[in-house]
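Please read the structure below before turning to the comments.
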Protein chains: 4
Amino acid sequence: MIPRYSRPEMVAIWSPETKFRIWYEIEAHACDAQADLGVIPRENAEAVWKAKDVEFDVARIDEIEAVTKHDVIAFLTHLAEHVGSEEARFVHQGMTSSDVLDTCLNVQLVRSADILIKDMDALLAALKKRAIEHKDTVRVGRSHGIHAEPTTMGLTFARFYAEMDRNLARLKLAREEIATGAISGAVGTFANIDPAVEQHVCEKLGLIAEPISTQVIPRDRHAMFFATLGVIASSIENVAIEIRHMQRTEVLEGAEFFSMGQKGSSAMPHKKNPVLTENLTGLARLVRAAVIPAMENVALWHERDISHSSVERAIGPDACVTLDFALARLTGVIDKMLVFPENMLDNMNKFPGLVMSQRVLLALTQAGVSREDAYVMVQRNALKVWEFRTDFREELLGDEDVVKALGVDGINEKFDMGYHTKHVDTIFKRVFGE
Amino acid sequence: MIPRYSRPEMVAIWSPETKFRIWYEIEAHACDAQADLGVIPRENAEAVWKAKDVEFDVARIDEIEAVTKHDVIAFLTHLAEHVGSEEARFVHQGMTSSDVLDTCLNVQLVRSADILIKDMDALLAALKKRAIEHKDTVRVGRSHGIHAEPTTMGLTFARFYAEMDRNLARLKLAREEIATGAISGAVGTFANIDPAVEQHVCEKLGLIAEPISTQVIPRDRHAMFFATLGVIASSIENVAIEIRHMQRTEVLEGAEFFSMGQKGSSAMPHKKNPVLTENLTGLARLVRAAVIPAMENVALWHERDISHSSVERAIGPDACVTLDFALARLTGVIDKMLVFPENMLDNMNKFPGLVMSQRVLLALTQAGVSREDAYVMVQRNALKVWEFRTDFREELLGDEDVVKALGVDGINEKFDMGYHTKHVDTIFKRVFGE
Amino acid sequence: MIPRYSRPEMVAIWSPETKFRIWYEIEAHACDAQADLGVIPRENAEAVWKAKDVEFDVARIDEIEAVTKHDVIAFLTHLAEHVGSEEARFVHQGMTSSDVLDTCLNVQLVRSADILIKDMDALLAALKKRAIEHKDTVRVGRSHGIHAEPTTMGLTFARFYAEMDRNLARLKLAREEIATGAISGAVGTFANIDPAVEQHVCEKLGLIAEPISTQVIPRDRHAMFFATLGVIASSIENVAIEIRHMQRTEVLEGAEFFSMGQKGSSAMPHKKNPVLTENLTGLARLVRAAVIPAMENVALWHERDISHSSVERAIGPDACVTLDFALARLTGVIDKMLVFPENMLDNMNKFPGLVMSQRVLLALTQAGVSREDAYVMVQRNALKVWEFRTDFREELLGDEDVVKALGVDGINEKFDMGYHTKHVDTIFKRVFGE
Amino acid sequence: MIPRYSRPEMVAIWSPETKFRIWYEIEAHACDAQADLGVIPRENAEAVWKAKDVEFDVARIDEIEAVTKHDVIAFLTHLAEHVGSEEARFVHQGMTSSDVLDTCLNVQLVRSADILIKDMDALLAALKKRAIEHKDTVRVGRSHGIHAEPTTMGLTFARFYAEMDRNLARLKLAREEIATGAISGAVGTFANIDPAVEQHVCEKLGLIAEPISTQVIPRDRHAMFFATLGVIASSIENVAIEIRHMQRTEVLEGAEFFSMGQKGSSAMPHKKNPVLTENLTGLARLVRAAVIPAMENVALWHERDISHSSVERAIGPDACVTLDFALARLTGVIDKMLVFPENMLDNMNKFPGLVMSQRVLLALTQAGVSREDAYVMVQRNALKVWEFRTDFREELLGDEDVVKALGVDGINEKFDMGYHTKHVDTIFKRVFGE
């Protein structure tokens, strides 16, 4: 979790303050349920709520932990300092530390997912806005970095929209994956605590009771969660790479927003570097780095070992905070991104007319020329354009075989741009609906 | 794809024969749709179906590819050898190689997913059977590899069931993720081919038309697919590790089925090694190895580069074949696994009665002893058991403070096993339903 | 970088204070070299050293960066506040930000490596001490978790020593890998700065001048560095897993040091959990998580893109700090680890005499019995021991075929433990030298 | 291991034939050493060499394995069919399967490393050739994909040379890492076999005796080996990405060799796609995929578990074969790569003169202009060039402040290309020596 790649709302979820607050709520709700069951006195349960508005003193808890060497005990000791040690004596009864820790972690992940979902909504809105804006902005489509056929910038934004929309659906599933809690005791048998306590606490915290847990909530859920973040990060990289390509000096079809006051580099004032999207490329690597450790965490020994814990202390905040930051940064980039339609046309005409070659090839075969011959006819003219930058249409009009096959008008009509954009509406409807 | 870790049905999906068969179907259905649209003559479309029962000659196609250096052209050339080159001249018209390749890959992944779903059904059946069989087989639950409290072997199987059931749900979603096809041309604009062709072909192949594609189907879908396989593999490792622990000489609570004729090792005939589950541990690593490359494949340049292709040629078959094999192997292991209930009791009583210590601790606090004091009272007796292997109940009965707090009967009733198994039914109902 | 898994000396290397200090030294030494070359006035170079004892004000630099949006410019502006803006006007002349940033990063990595090397020295010392102490402490060797043949605890420690000694050698190479600096300008051509400046600065900082750089130092060096940390982390996991196995209730051949005052868990006072080694298992996953991102950082675009930077801001400190902590923690664990020789003997005799089965098998074939028959003879007796826990030697002595082949004395001498330990000295000599 | 990404020499190393051949040599040499020690009769040792020229029948061995379910026993049984079962009865005496398997694996890895070393020699030769050829071919250096300052194509090749030369050194170390063998018995104690046998076999096979092994050779060695391959693969990606950028339509400074007869795509004859380097990008991902599994293999349980085996059956051949293919492919690409110096100049002048802006900035500060003012003066002229594609030098000559500071001649001399290439010789000397 690098401060410069962090946003406060997400960071707050992972603060010790929030953690202790969630621990407190788990313990307090559990006491209520225990009182309902008659296991502990009602007044002791009620007493715990005296601390409802307390902001727990992290330094003090750390101090206690230094002695007890156990974080949950340290917290409970501190809680007793607020509630009264007599009143607090039934707190945590029948529970095991992991009941608190694991349920808390999932609350944090759920809240993180909620922020990420909001982030994606904003990103989708920005992508949709730019897609509509540039629906008809023609640019050349490229395969292998090589000009292929015309497409539009709107389609580029629309496909990022569709990809991110899939990611939003995945994220919602990932949120469901980890929206469970467990208060099932040392090995998950509810030996010392009634399942009703788990039920009550989970309900209060917006979770589902984990159907079967051990000492811990099963880690395949977390693995799936972080894997989903990894996919989203990879999609961010996908968008970032597109923008970086667009901004490179020779292409210059778009750029991250550039405010004149900003110094792009310490030495070259004219350079406008796509540093935000380069940064996003790196952040994607960082989020992905959580995936394999999260998967390695699944195979815990028997009813649990604690190897997962240190991993999650790192990747929990790191992956969530980084992805939140990255989504927000990307939204800003998309929202304000500069698009240069004229450069798009200039680029498309670098080899004048050549992007129409497939269409000509197809027309030749439709006109009865064999695939092999058509290929040769297109190739010989295309190569001239490639080498001498002549105009492809002119070359074709000067090629007897081609003229014979297609006619002059036939050749000319192959260079109509509308041919390539005629289904943009259809695709937009598929992506954005009515 | 290692032959010894492969099963024929899954391998067949990834054979060149199957691939060419799917290519053929894509091309033939596309011709039908083109004829429906009036783009190509009906008789040419019908002619393609002459090859319906042909088994394509892989060696011949390879031979042609050696010349043309292009696999789809090689296939089309070979197809023309069957259909007649005149009749075949409209095949592939308006299409781009990736239309065929990408749609085919997704058909293969969908079929693979179907096998994996069957595999998981079988695994779930085996786990459920063993869970019910051992619902009441008491064993000690362990955290950190250390005895904690009693649980049952049925709960162990049940939690693996629940985990694999989640994996099944994930797998079905992963199948949906990649059940799309695209016939949208060189940059995804349908410039040279009507979207109706895509619609028709996808329908015939059991796919959804990709709402927006470029030259290729977006790779976030595949990343999610392989990430899901990685999670499943991690769960396989989880089960495998449990069994390996159970079979270790000192534990011996269970074992992979052992047939007397089998030589366990070249030199030590009495050794019964958990080699299948060790093997599964390794296979899990292999399946997981596909995850990051699949994520790195997402960020293709512009409308596509072909860097993903070599990755998928490897991880497509490798991950699917390995996971299929692993699931089947695990199912066999679970189905026939030896369980040793007597050893479970022996182990639980290694430190006689000590597994009841948490219950005693709880009882002491409920009886009004402070948490600190209760802790000390339990600890001083527990340490004697740990060091001298005396009986914990006896120690407690000999401890004045404890007797004073709980009474003799109170102490004795803490050692009732039913206390720990009383919620097994509840948990089973949660996992398996009515 | 999780505070609880951090040690101050390593953390300090990655603090902003240290970073700015190193930046300062790079700039100051560069000024000296520029003055030597006559490029800038000597007095301006000397003036920079006025700030020699300044502790740079991180908050102030951050403040300036908030305006300039460029960290190096912010630092230089702040430096000028100390040196005087007139005197400081030649600072950084001809240099590019990366000259400072990259050289600084490598200084930090070198210093980190130096700490890690010290860590490994301490770990090696602890391992050697324990190896010698337990050179002759017999325990059973296990393959597949199953008893195989006797070995000694000293050999276990010795092999960890040998493995860590290889890691030390790798670490020293990794340190060499990143002990380079570059002051070569915007694209590495030294257009605006003489190579002599690079030479001088590197010398002063204990680095080698990077033979050829672009705007940045090539990232294959860093990839190799982090890959090496990943291997070391995996070895830490290897040792940790051994100890976790030793400590599990049924094995109990060793344990992390346990001080009576420590609360092992909030609820089960008798549990002595191997939480340190479980933690190390998790930390190993975290260190390994740096490896793939570091490798993905190698392929920067042209003379550099900045995608590597965010990755390194995270994995630089994270991997170094975590590994430092893990090595120190492991050293403590090894140093104070409890070893239980009696339990080792108990375990070895769980199936009395069975660990000698390979030796008996060998003796039978040497006595002229066919491999197949010998196998059968050993197996039938071994299985009795396995099932009824009888004594293997007794069973053999009661098996006519075996007695016929080996004789009574021949059988008895196969159960001499010295047979298995006779080469321990040889191995120790190989590992530790004379 | 995908056939189309494989070369026969490397594939052969990983064939069953080669494996059995190595097993045979290990067994035969071990018999010699056993005879030297007087452990087995000399004639039996000699008899084994009767099979010296036998090509072992893989199908037959598989057949036997189907019955014995043990690969080494199957091989030994087959060997006895050649040598005579009486004569062969001392083969493998005192050894354990892993002695053979692990020593064999390392022989295969060493031989693979030898091929990879040859591959790298060839690649280095190609890079050096092209570096010298284009030492003075000026092109623009880019950071962030944006034009920075001039450099030369020779420097690009030279830095790839330097990077690959480091990789060669790493590879040689990796070869050393795994050039060990072990014949130390079931748990590594040499209980049943004298260390002299190990010594003899290793010597004969060009290996070092592993100082301390368990049943297996320690896997940190293999982890380091595969990590090194991962770094090399990442460097391949680095070179590949550069070429892909060079070849993109708008840049076109270089291209993979293009033979006119080749069909670049099924539909667009003029497209010359960088498919080889795109393929290399994908292959790099595949080789890297071996790294984490190899690291996960390090922590085997006690004296060994067999989880590593399935991983190595896959990544052993896959990573070596893929990297061998990739290195050879890259060598071919470099060797024949097309370089377009004119396009390099065209690109550099896309914004005429702007690449000289840093030099002008520096000159202004040296002439006494404050850094801030100089920055503004350069920026205002640069922005005009960027927006209107005017000539930077002309703009400067028309800017009173700049002329005042530098003079007309002073401005003109800033546009001398020699300024940027003056240290190319120095760098070449650093990289290639005298």
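By order in the structure tokens, chains are A, B, ...; within a chain, residues start at 1; ligands start at 1, following the order shown.
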
Using only C-alpha atoms, find the residues of chain C whose closest atom to chain A is at most 6 Å away, then write them as a list in words.
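Residues satisfying the distance criterion: Glu278, Asn279, Thr281, Gly282, Arg285, Ala289, Pro293, Ile306, Ser307, His308, Ser310 and Val311 of chain C.
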
Keeping C-alpha atoms for every residue in the selection just given, could you write it to a file as a PDB file, in the first residue's frame?
```pdb
ATOM      1  CA  GLU C 278       3.359 -20.853   9.947  1.00  0.00           C
ATOM      2  CA  ASN C 279       3.906 -17.151   9.665  1.00  0.00           C
ATOM      3  CA  THR C 281       5.238 -19.994   5.370  1.00  0.00           C
ATOM      4  CA  GLY C 282       2.963 -17.064   4.597  1.00  0.00           C
ATOM      5  CA  ARG C 285       4.404 -16.498  -0.375  1.00  0.00           C
ATOM      6  CA  ALA C 289       4.828 -12.574  -5.114  1.00  0.00           C
ATOM      7  CA  PRO C 293       5.992  -8.490 -11.433  1.00  0.00           C
ATOM      8  CA  ILE C 306       7.672   4.160 -16.227  1.00  0.00           C
ATOM      9  CA  SER C 307       5.468   1.121 -15.619  1.00  0.00           C
ATOM     10  CA  HIS C 308       8.220  -0.475 -13.519  1.00  0.00           C
ATOM     11  CA  SER C 310       5.024   1.706  -9.148  1.00  0.00           C
ATOM     12  CA  VAL C 311       5.898  -1.975  -9.029  1.00  0.00           C
TER      13      VAL C 311
END
```

I need the residues in stretch 135-325 of chain D that are alpha helix (DSSP H) according to DSSP; give them as a ChimeraX atom specification.
/D:153-177,195-205,220-247,275-288,291-296,307-325

Next, write the just-selected residues to a file, as a short mmCIF file (atom, residue, chain, number, x, y, z; two decimals), in the first residue's frame, keeping C-alpha atoms as the atom set.
```cif
data_model
loop_
_atom_site.label_atom_id
_atom_site.label_comp_id
_atom_site.auth_asym_id
_atom_site.auth_seq_id
_atom_site.Cartn_x
_atom_site.Cartn_y
_atom_site.Cartn_z
CA MET D 153 20.18 1.68 -33.68
CA GLY D 154 23.59 0.21 -32.87
CA LEU D 155 23.14 1.24 -29.27
CA THR D 156 19.79 -0.53 -29.22
CA PHE D 157 21.37 -3.73 -30.46
CA ALA D 158 24.32 -3.24 -28.13
CA ARG D 159 22.14 -2.96 -25.08
CA PHE D 160 20.30 -6.13 -26.02
CA TYR D 161 23.71 -7.72 -26.41
CA ALA D 162 24.77 -6.59 -22.96
CA GLU D 163 21.51 -7.85 -21.46
CA MET D 164 21.81 -11.22 -23.15
CA ASP D 165 25.44 -11.43 -22.16
CA ARG D 166 24.37 -11.07 -18.54
CA ASN D 167 21.82 -13.76 -19.21
CA LEU D 168 24.51 -16.02 -20.56
CA ALA D 169 26.48 -15.59 -17.36
CA ARG D 170 23.35 -16.34 -15.35
CA LEU D 171 22.65 -19.39 -17.44
CA LYS D 172 26.12 -20.73 -16.82
CA LEU D 173 25.56 -20.33 -13.10
CA ALA D 174 22.17 -22.02 -13.43
CA ARG D 175 23.87 -24.90 -15.19
CA GLU D 176 26.28 -25.20 -12.29
CA GLU D 177 23.34 -25.10 -9.88
CA PRO D 195 29.47 -42.60 -0.99
CA ALA D 196 32.16 -43.78 -3.38
CA VAL D 197 29.45 -45.04 -5.71
CA GLU D 198 27.88 -41.60 -5.88
CA GLN D 199 31.30 -40.12 -6.47
CA HIS D 200 32.06 -42.47 -9.34
CA VAL D 201 28.71 -42.12 -11.08
CA CYS D 202 28.74 -38.34 -10.83
CA GLU D 203 32.24 -38.13 -12.22
CA LYS D 204 31.30 -40.29 -15.18
CA LEU D 205 28.25 -38.15 -15.90
CA ASP D 220 16.20 -24.92 -4.35
CA ARG D 221 18.64 -25.76 -7.11
CA HIS D 222 15.85 -26.37 -9.59
CA ALA D 223 13.97 -23.30 -8.43
CA MET D 224 17.04 -21.20 -9.20
CA PHE D 225 17.41 -22.88 -12.56
CA PHE D 226 13.87 -22.16 -13.68
CA ALA D 227 13.96 -18.65 -12.21
CA THR D 228 16.97 -17.99 -14.41
CA LEU D 229 15.10 -19.23 -17.47
CA GLY D 230 12.29 -16.88 -16.48
CA VAL D 231 14.64 -13.90 -16.45
CA ILE D 232 16.04 -14.85 -19.85
CA ALA D 233 12.52 -15.19 -21.22
CA SER D 234 11.72 -11.73 -19.92
CA SER D 235 14.73 -10.35 -21.78
CA ILE D 236 13.50 -12.06 -24.94
CA GLU D 237 10.21 -10.29 -24.43
CA ASN D 238 12.13 -7.04 -24.04
CA VAL D 239 13.77 -7.42 -27.44
CA ALA D 240 10.54 -8.65 -29.01
CA ILE D 241 8.58 -5.64 -27.79
CA GLU D 242 11.17 -3.29 -29.29
CA ILE D 243 10.87 -4.91 -32.69
CA ARG D 244 7.09 -4.97 -32.54
CA HIS D 245 7.15 -1.26 -31.85
CA MET D 246 9.58 -0.66 -34.69
CA GLN D 247 7.38 -2.51 -37.11
CA VAL D 275 4.18 -12.37 -35.81
CA LEU D 276 7.48 -13.89 -34.78
CA THR D 277 8.14 -11.32 -32.11
CA GLU D 278 4.52 -11.40 -31.00
CA ASN D 279 4.93 -15.12 -30.69
CA LEU D 280 8.10 -14.58 -28.65
CA THR D 281 6.14 -12.32 -26.34
CA GLY D 282 3.74 -15.18 -25.69
CA LEU D 283 6.51 -17.75 -25.33
CA ALA D 284 8.12 -15.55 -22.68
CA ARG D 285 4.92 -15.78 -20.65
CA LEU D 286 5.03 -19.55 -20.94
CA VAL D 287 8.62 -19.87 -19.77
CA ARG D 288 7.93 -17.54 -16.86
CA VAL D 291 9.04 -20.09 -12.11
CA ILE D 292 6.45 -20.10 -9.32
CA PRO D 293 5.70 -23.84 -9.52
CA ALA D 294 9.44 -24.51 -9.34
CA MET D 295 9.62 -22.36 -6.21
CA GLU D 296 6.57 -24.09 -4.73
CA SER D 307 4.65 -33.42 -5.37
CA HIS D 308 7.54 -31.92 -7.32
CA SER D 309 7.59 -34.76 -9.81
CA SER D 310 4.51 -34.00 -11.87
CA VAL D 311 5.50 -30.35 -11.93
CA GLU D 312 8.94 -31.21 -13.27
CA ARG D 313 7.61 -33.67 -15.83
CA ALA D 314 5.84 -30.66 -17.31
CA ILE D 315 8.10 -27.68 -16.72
CA GLY D 316 11.36 -29.56 -17.31
CA PRO D 317 10.78 -30.18 -20.99
CA ASP D 318 8.30 -27.31 -21.49
CA ALA D 319 10.49 -24.51 -20.22
CA CYS D 320 13.69 -25.82 -21.78
CA VAL D 321 12.14 -26.64 -25.16
CA THR D 322 10.24 -23.36 -25.31
CA LEU D 323 13.22 -21.26 -24.35
CA ASP D 324 15.46 -23.07 -26.82
CA PHE D 325 12.94 -22.44 -29.57
#
```

Minimum-distance residue to B:Asn349, chosen among B:Asp53, B:Asp373, B:Asp425, B:Asp391 (using only C-alpha atoms)
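Of B:Asp53, B:Asp373, B:Asp425, B:Asp391, the one nearest B:Asn349 is B:Asp391, counting only C-alpha atoms.
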
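Proximity to D:Asn347 at 9 Å, evaluated using only C-alpha atoms and with sequence-adjacent residues fewer than 3 positions away removed, yields Thr249 and Glu250 of chain A; Arg139, Val140, Glu250, Val251, Leu252, Glu253, Glu342, Asn343, Met344, Lys350 and Phe351 of chain D.
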
For the selection you just gave me, I'd like the residues written to a file as a PDB file, in the first residue's frame, keeping N, CA and C atoms.
```
ATOM      1  N   THR A 249       4.584   9.336 -29.888  1.00  0.00           N
ATOM      2  CA  THR A 249       4.829  10.441 -30.806  1.00  0.00           C
ATOM      3  C   THR A 249       4.364  10.163 -32.228  1.00  0.00           C
ATOM      4  N   GLU A 250       4.670   8.987 -32.742  1.00  0.00           N
ATOM      5  CA  GLU A 250       4.338   8.703 -34.136  1.00  0.00           C
ATOM      6  C   GLU A 250       2.843   8.487 -34.359  1.00  0.00           C
TER       7      GLU A 250
ATOM      8  N   ARG D 139      18.685   7.187 -34.829  1.00  0.00           N
ATOM      9  CA  ARG D 139      17.227   7.149 -34.642  1.00  0.00           C
ATOM     10  C   ARG D 139      16.921   7.915 -33.368  1.00  0.00           C
ATOM     11  N   VAL D 140      15.663   8.180 -33.154  1.00  0.00           N
ATOM     12  CA  VAL D 140      15.331   8.915 -31.962  1.00  0.00           C
ATOM     13  C   VAL D 140      15.167   7.955 -30.791  1.00  0.00           C
ATOM     14  N   GLU D 250       2.879   3.074 -38.064  1.00  0.00           N
ATOM     15  CA  GLU D 250       3.270   4.478 -37.945  1.00  0.00           C
ATOM     16  C   GLU D 250       4.751   4.660 -37.681  1.00  0.00           C
ATOM     17  N   VAL D 251       5.413   3.646 -37.201  1.00  0.00           N
ATOM     18  CA  VAL D 251       6.827   3.792 -36.846  1.00  0.00           C
ATOM     19  C   VAL D 251       7.702   3.283 -37.980  1.00  0.00           C
ATOM     20  N   LEU D 252       7.541   2.035 -38.310  1.00  0.00           N
ATOM     21  CA  LEU D 252       8.196   1.393 -39.449  1.00  0.00           C
ATOM     22  C   LEU D 252       9.700   1.685 -39.539  1.00  0.00           C
ATOM     23  N   GLU D 253      10.369   1.535 -38.443  1.00  0.00           N
ATOM     24  CA  GLU D 253      11.826   1.719 -38.439  1.00  0.00           C
ATOM     25  C   GLU D 253      12.551   0.393 -38.651  1.00  0.00           C
ATOM     26  N   GLU D 342      16.022   5.468 -43.194  1.00  0.00           N
ATOM     27  CA  GLU D 342      15.353   6.685 -43.660  1.00  0.00           C
ATOM     28  C   GLU D 342      14.095   6.973 -42.853  1.00  0.00           C
ATOM     29  N   ASN D 343      13.369   5.911 -42.594  1.00  0.00           N
ATOM     30  CA  ASN D 343      12.185   6.106 -41.764  1.00  0.00           C
ATOM     31  C   ASN D 343      12.554   6.604 -40.370  1.00  0.00           C
ATOM     32  N   MET D 344      13.719   6.161 -39.896  1.00  0.00           N
ATOM     33  CA  MET D 344      14.174   6.633 -38.589  1.00  0.00           C
ATOM     34  C   MET D 344      14.346   8.147 -38.604  1.00  0.00           C
ATOM     35  N   LYS D 350       9.501  14.236 -37.129  1.00  0.00           N
ATOM     36  CA  LYS D 350       8.046  14.426 -37.121  1.00  0.00           C
ATOM     37  C   LYS D 350       7.710  15.799 -36.540  1.00  0.00           C
ATOM     38  N   PHE D 351       8.385  16.164 -35.461  1.00  0.00           N
ATOM     39  CA  PHE D 351       8.286  17.523 -34.903  1.00  0.00           C
ATOM     40  C   PHE D 351       9.666  18.123 -35.086  1.00  0.00           C
TER      41      PHE D 351
END
```

Can you measure atom CA of A:Glu43 to atom CA of A:Glu27 for me? One decimal in Å is fine.
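Atom CA of A:Glu43 sits 14.6 Å away from atom CA of A:Glu27.
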
Residues within 12 Å of A:Asn192, only C-alpha atoms, excluding chain neighbours under 6 positions, as a ChimeraX atom specification
/A:34,39,92-96,183-186,198 /B:149-150,356-363,366,414,418-423 /C:267

Restricted to N, CA and C atoms, what would the selected residues look like written as a compact mmCIF listing (two decimals), in the first residue's frame?
```
# COMPACT_ATOMS: atom_id res chain seq x y z
N GLN A 34 -26.23 -14.18 22.58
CA GLN A 34 -26.02 -15.05 23.74
C GLN A 34 -27.04 -14.73 24.83
N VAL A 39 -27.74 -17.58 27.55
CA VAL A 39 -26.40 -18.08 27.91
C VAL A 39 -25.67 -17.08 28.81
N HIS A 92 -17.07 -12.45 24.25
CA HIS A 92 -16.23 -13.42 23.54
C HIS A 92 -16.46 -14.86 24.04
N GLN A 93 -17.42 -15.03 24.97
CA GLN A 93 -17.61 -16.37 25.54
C GLN A 93 -17.97 -17.39 24.47
N GLY A 94 -17.27 -18.50 24.50
CA GLY A 94 -17.54 -19.58 23.56
C GLY A 94 -16.98 -19.33 22.17
N MET A 95 -16.37 -18.19 22.00
CA MET A 95 -15.84 -17.84 20.68
C MET A 95 -14.35 -18.11 20.60
N THR A 96 -13.88 -18.11 19.42
CA THR A 96 -12.46 -18.31 19.20
C THR A 96 -11.97 -17.08 18.43
N ILE A 183 -19.04 -17.86 13.20
CA ILE A 183 -18.80 -17.88 14.64
C ILE A 183 -19.13 -19.30 15.07
N SER A 184 -18.15 -20.15 14.83
CA SER A 184 -18.42 -21.59 14.95
C SER A 184 -17.43 -22.29 15.88
N GLY A 185 -16.57 -21.52 16.52
CA GLY A 185 -15.70 -22.10 17.53
C GLY A 185 -14.41 -22.67 17.00
N ALA A 186 -13.69 -23.33 17.88
CA ALA A 186 -12.29 -23.70 17.64
C ALA A 186 -12.09 -24.60 16.43
N GLU A 198 -24.00 -17.04 15.50
CA GLU A 198 -23.45 -16.78 14.16
C GLU A 198 -24.51 -16.13 13.27
N GLU B 149 -10.18 -29.40 19.33
CA GLU B 149 -11.37 -30.01 19.92
C GLU B 149 -11.87 -31.12 19.01
N PRO B 150 -12.71 -31.99 19.51
CA PRO B 150 -13.22 -33.06 18.65
C PRO B 150 -14.10 -32.53 17.53
N MET B 356 -10.42 -31.40 25.73
CA MET B 356 -11.57 -30.78 26.37
C MET B 356 -11.21 -29.49 27.12
N SER B 357 -9.96 -29.07 26.99
CA SER B 357 -9.52 -27.96 27.83
C SER B 357 -10.31 -26.66 27.58
N GLN B 358 -10.65 -26.38 26.33
CA GLN B 358 -11.39 -25.14 26.10
C GLN B 358 -12.74 -25.18 26.79
N ARG B 359 -13.36 -26.36 26.75
CA ARG B 359 -14.67 -26.47 27.39
C ARG B 359 -14.55 -26.22 28.90
N VAL B 360 -13.50 -26.75 29.48
CA VAL B 360 -13.28 -26.55 30.91
C VAL B 360 -13.03 -25.07 31.19
N LEU B 361 -12.23 -24.46 30.36
CA LEU B 361 -11.93 -23.04 30.52
C LEU B 361 -13.22 -22.22 30.52
N LEU B 362 -14.05 -22.52 29.57
CA LEU B 362 -15.32 -21.82 29.46
C LEU B 362 -16.19 -22.04 30.69
N ALA B 363 -16.24 -23.30 31.12
CA ALA B 363 -17.06 -23.63 32.28
C ALA B 363 -16.58 -22.86 33.51
N GLN B 366 -17.71 -19.33 33.29
CA GLN B 366 -19.16 -19.29 33.53
C GLN B 366 -19.48 -19.49 35.01
N LYS B 414 -17.93 -32.47 31.54
CA LYS B 414 -17.20 -31.75 30.47
C LYS B 414 -16.53 -32.71 29.48
N GLY B 418 -20.64 -36.04 23.15
CA GLY B 418 -21.85 -35.53 22.50
C GLY B 418 -21.90 -34.01 22.46
N TYR B 419 -21.24 -33.42 23.42
CA TYR B 419 -21.16 -31.97 23.46
C TYR B 419 -20.60 -31.40 22.16
N HIS B 420 -19.67 -32.12 21.59
CA HIS B 420 -18.98 -31.61 20.40
C HIS B 420 -19.68 -31.97 19.10
N THR B 421 -20.52 -32.97 19.16
CA THR B 421 -21.14 -33.43 17.91
C THR B 421 -22.60 -33.00 17.81
N LYS B 422 -23.05 -32.24 18.77
CA LYS B 422 -24.50 -31.96 18.82
C LYS B 422 -25.01 -31.14 17.64
N HIS B 423 -24.13 -30.42 16.97
CA HIS B 423 -24.59 -29.60 15.85
C HIS B 423 -24.21 -30.17 14.48
N ALA C 267 -8.07 -19.39 23.87
CA ALA C 267 -8.97 -20.32 24.52
C ALA C 267 -8.34 -21.64 24.97
```

Strand (DSSP E or B) call set, DSSP backbone run, stretch 34-244 of chain B, as a PyMOL selection string
chain B and resi 138-143+146-152+180-181+208-209

Might you pull out every residue within 12 Å of B:Leu383, with only C-alpha atoms counted and same-chain residues fewer than 5 positions away left off, and present them as a PyMOL selection string?
(chain B and resi 351-352+354+357+375-378+388-392+395-396) or (chain C and resi 258+260+268-272)

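With atom CA of C:Ile208 on one side and atom CA of C:Asp194 on the other, the separation reads 15.9 Å.
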